[in-house]
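Beneath this line is the structure, given in structure tokens, with notes to follow.
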Amino acid sequence: MQRKINGLLVLFSLLGGALGFVLGEILLHQLEGKTPHILNIGLYFGVLALCIGLGCLLAEMISPKLNGASWRQMYMGTSWKLWIPATLVLLLVVGAALEFLYEVDMGSQRQVRNIVFVIDNSGSMQQTDPDNARYAAAKSLIGQMDSAKQVSVVAFGNEAEVIQPFVKVSDQDAKLAIYEKIDSLAPTDDGTNIEGALNQAMQLIREESTKGTLVILLSDGVSDVNVDKTLRDYIDQHIAIHTVGLSLVDPSGTQLLETIANRTNGQYYDVEEAKDISLVFQQIYNTVGDRTLLTERTGSLEGSSLYMIMRILAITIIGAAIGIALGIVFDNRYLAKSFAIGGAAAGLLAGCVLEFGLSGSTWLDGIVRLIAALILALVTTLFTLIVPIQEHGARSYSRSSRPVRTDAGQAFDQPKSDRTSRGFNK
């Protein structure tokens with residue numbers, strides 16, 4: 001058992017980590033909104049492990065300092081066969097499972113997965129929003145949502161009408177179908193019945209038994225609302241209503257929308273011109289509380305100590321899994337132990353970098369993920385200097401029982417003292 005290091009393996013592992021980061025970022029960008037976060041995150045770590053494993057394999061092929069020459073001569077083919085299942089497949093499964101656990105809602109706080117648009121279609125909207133910017137803003141926001149989100153649309157004048165029941169925005173075709181229903185709305189000369197609209201939205205929520213729902217209410221007018229009765233179910237179910245007042249001139253209208261938002265832990269937004277509605281909808285969407293292991297945690301759980309620990313622990317496990325995967329590739333239990341311990345240490349560091357470094361900025365978050373990937377690659381492969389390893393297939397013998405040969409060529413175990421007395425030390 002020796003403590004040693006393969007400098008070429010460390011270098012190639014770093015290069016593999018950088019390549020895995022690039023490919024992972026491309027996957028995240030291409031699959032965003034098209035496939036579930038659980039699959040995307042699993043693929044990211046699977047590809048990262050695949051590239052780190054490739055770097056380590058190539059390095060040991062060139063200079064087999066950790067596994068020994070016998071590995072390169074006899075077992076290298078087996079390592080190539082194990083490369084993909086031990087890295088890509090294993091880390092995809094581990095990463096997806098840990099992402100699933102990280103997305104589980106703890107306590108009363110829930111991640112928002114369902115959004116209800118409650119949009120004013122009264123006659124006055126023809127003056128305050130003649131170009132239907134509110135509908136364009138709703139469609140733009142729906143276009144950004146990932147496949148795990150569900151959307152429903154309620155339009156109201158004198159009466160409330162469900163334009164779109166809850167539907168999962170699983171792909172572009174589903175989104176286009178929602179757009180068509182929104183575009184089919186015709187202007188009216190109706191009044192403004194906010195109470196009826198909120199009651200209709202709550203009925204829709206109860207029928208679908210949806211959890212983790214957020215309501216966006218937009219209006220340019222005022223109406224009579226029994227606030228206590230209308231909002232009781234929203235408060236009980238912890239459903240926030242974010243309200244948007246468009247070109248409100250009646251102070252009572254502003255006060256009503258502010259009250260609705262405050263009572264339900266939502267936020268009120270005052271908009272002077274219809275062209276700014278899209279920006280406000282985007283601000284609201286940024287508060288829905290999305291979270292993945294690789295992106296900033298937003299919403300009410302942004303500062304959660306529980307989810308902070310969960311992320312760091314998850315990345316620590318992923319680091320250990322990468323180390324085990326490398327040991328499986330080389331079919332060497334000593335390397336597996338050393339790399340697993342190193343991977344856990346690397347994962348702890350990388351988890352802290354992600355937890356305290358992610359900020360929501362596209363470029364800065366990319367740099368943070370690159371640093372985390374390089375830490376996983378570097379620290380894991382350096383740990384052979386700390387945890388001793390043994391070459392592939394190596395065997396150890398005690399000094400007193402190592403095989404010697406007689407004049408007839410037969411092997412036997414003979415203590416040195418006996419051999420000396422019989423003249424074999426010549």
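Ordering of the structure tokens sets the chain letters (A, B, ...); residue numbers start at 1 within each chain; ligands are numbered from 1 in the order shown.
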| query | If we count only C-alpha atoms, what is near Gly77 in chain A at a cut-off of 12 Å, once residues fewer than 4 positions away on the same chain are taken out, given as a ChimeraX atom specification? | reply | /A:57,61,71-73,81-83,329-331
| task | Can you list, as a PyMOL selection string, all residues belonging to range 251-286 of chain A that DSSP tags as alpha helix (DSSP H)? | result | chain A and resi 251-263+277-285
| Within 6 Å of range 114-122 of chain A, counting only C-alpha atoms, which residues qualify if same-chain residues fewer than 3 places away don't, as a list in words? |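 Counting only the stated atoms, we get Met125, Lys149, Gln150, Val151, Ser152, Val153, Val154, Ala155, Phe156, Gly157, Thr188, Asp189, Asp190, Gly191, Thr192, Thr213, Leu214, Val215, Ile216, Leu217, Leu218 and Ser219 of chain A.
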Suppose we keep C-alpha atoms; can you now write the selection as a tab-separated table (two decimals), in the first residue's frame?
```tsv
chain	number	residue	atom	x	y	z
A	125	MET	CA	-59.38	47.79	-20.66
A	149	LYS	CA	-45.29	23.94	-14.54
A	150	GLN	CA	-49.07	23.99	-14.94
A	151	VAL	CA	-51.02	27.03	-16.13
A	152	SER	CA	-54.63	28.13	-16.12
A	153	VAL	CA	-56.22	31.36	-17.35
A	154	VAL	CA	-59.35	33.09	-16.02
A	155	ALA	CA	-60.73	36.21	-17.73
A	156	PHE	CA	-63.37	38.36	-16.08
A	157	GLY	CA	-65.75	41.23	-16.70
A	188	THR	CA	-66.27	43.40	-23.86
A	189	ASP	CA	-68.14	46.36	-22.41
A	190	ASP	CA	-68.52	44.61	-19.05
A	191	GLY	CA	-67.79	45.90	-15.59
A	192	THR	CA	-65.14	44.61	-13.14
A	213	THR	CA	-50.13	27.48	-6.63
A	214	LEU	CA	-49.62	31.19	-7.30
A	215	VAL	CA	-52.21	33.64	-8.65
A	216	ILE	CA	-51.47	36.72	-10.78
A	217	LEU	CA	-54.42	39.14	-10.76
A	218	LEU	CA	-54.43	42.13	-13.13
A	219	SER	CA	-57.12	44.83	-13.19
```
| query | Which residue, A:Leu66, A:Leu248, A:Leu204, A:Leu354, has the smallest gap to Ile309 in chain A when you use only C-alpha atoms? | reply |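 Smallest distance to Ile309 in chain A is found for A:Leu354.
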| said: Can you pull out every residue from range 101-301 of chain A that DSSP, working from the backbone, puts in strand (DSSP E or B), and format the result as a PyMOL selection string? | reply: chain A and resi 114-120+150-156+160-168+213-219+240-246+268-271
Which residues are close to Thr264 in chain A, i.e. within 8 Å by only C-alpha atoms, leaving aside same-chain residues fewer than 4 positions away? Reply as a short mmCIF file (atom, residue, chain, number, x, y, z; two decimals) with N, CA and C atoms, in the first residue's frame.
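Output below, filename part-v1.cif:
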```
data_model
loop_
_atom_site.label_atom_id
_atom_site.label_comp_id
_atom_site.auth_asym_id
_atom_site.auth_seq_id
_atom_site.Cartn_x
_atom_site.Cartn_y
_atom_site.Cartn_z
N LEU A 231 -61.01 35.65 0.45
CA LEU A 231 -59.61 35.26 0.60
C LEU A 231 -59.39 34.16 1.62
N TYR A 234 -57.71 31.06 0.20
CA TYR A 234 -56.35 31.36 -0.26
C TYR A 234 -55.38 31.41 0.91
N ILE A 235 -55.83 32.03 2.00
CA ILE A 235 -54.97 32.14 3.19
C ILE A 235 -54.75 30.78 3.82
N HIS A 238 -52.28 28.75 1.83
CA HIS A 238 -50.98 29.41 1.60
C HIS A 238 -50.77 29.72 0.13
N ILE A 239 -51.80 30.23 -0.53
CA ILE A 239 -51.72 30.60 -1.94
C ILE A 239 -51.58 32.11 -2.04
N ALA A 240 -50.45 32.55 -2.55
CA ALA A 240 -50.20 33.99 -2.67
C ALA A 240 -50.89 34.54 -3.92
N ILE A 241 -51.47 35.73 -3.77
CA ILE A 241 -52.06 36.44 -4.90
C ILE A 241 -51.23 37.70 -5.14
N ILE A 260 -55.60 42.70 -1.02
CA ILE A 260 -55.63 41.30 -1.48
C ILE A 260 -54.22 40.72 -1.45
#
```
| message | List as a PyMOL selection string the protein and nucleic acid residues near Thr230 in chain A, meaning an atom at most 10 Å away when only C-alpha atoms are counted, but skip any in the same chain fewer than 5 places from it. | response | chain A and resi 194-199+202+225+235+260
| Contacts of range 350-352 of chain A at 12 Å (only C-alpha atoms; same-chain gap of 2+ positions) as number ranges by chain | A: 293-295, 307-320, 343-348, 354-358, 368-380
| query | Could you state the separation of CA of Leu279 in chain A and CA of Ala137 in chain A in Å, given to one decimal place? | reply |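 That distance, rounded to one decimal, is 8.1 Å.
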| query | Which value, in Å to one decimal, gives the distance between CA of Ala86 in chain A and CA of Ala325 in chain A? | reply |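 Spanning CA of Ala86 in chain A to CA of Ala325 in chain A is a straight-line distance of 5.1 Å.
Put simply, CA of Leu364 in chain A is 28.6 Å away from CA of Ala138 in chain A.
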| field | Ile389 in chain A environment, 6 Å, only C-alpha atoms, sequence neighbours closer than 5 positions dropped, as a list of chain:residue names | value | A:Met1, A:Gln2, A:Tyr334, A:Leu335
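Distances here use only C-alpha atoms; by that measure, the residue among A:Val162, A:Val167, A:Leu14, A:Leu27 closest to Ala201 in chain A is A:Val162.
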| message | Taking only C-alpha atoms into account, name the residue in A:Met106, A:Val249, A:Leu15, A:Ala49 that is nearest to Gly323 in chain A. | response |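 Selected residue with least distance to Gly323 in chain A: A:Ala49.
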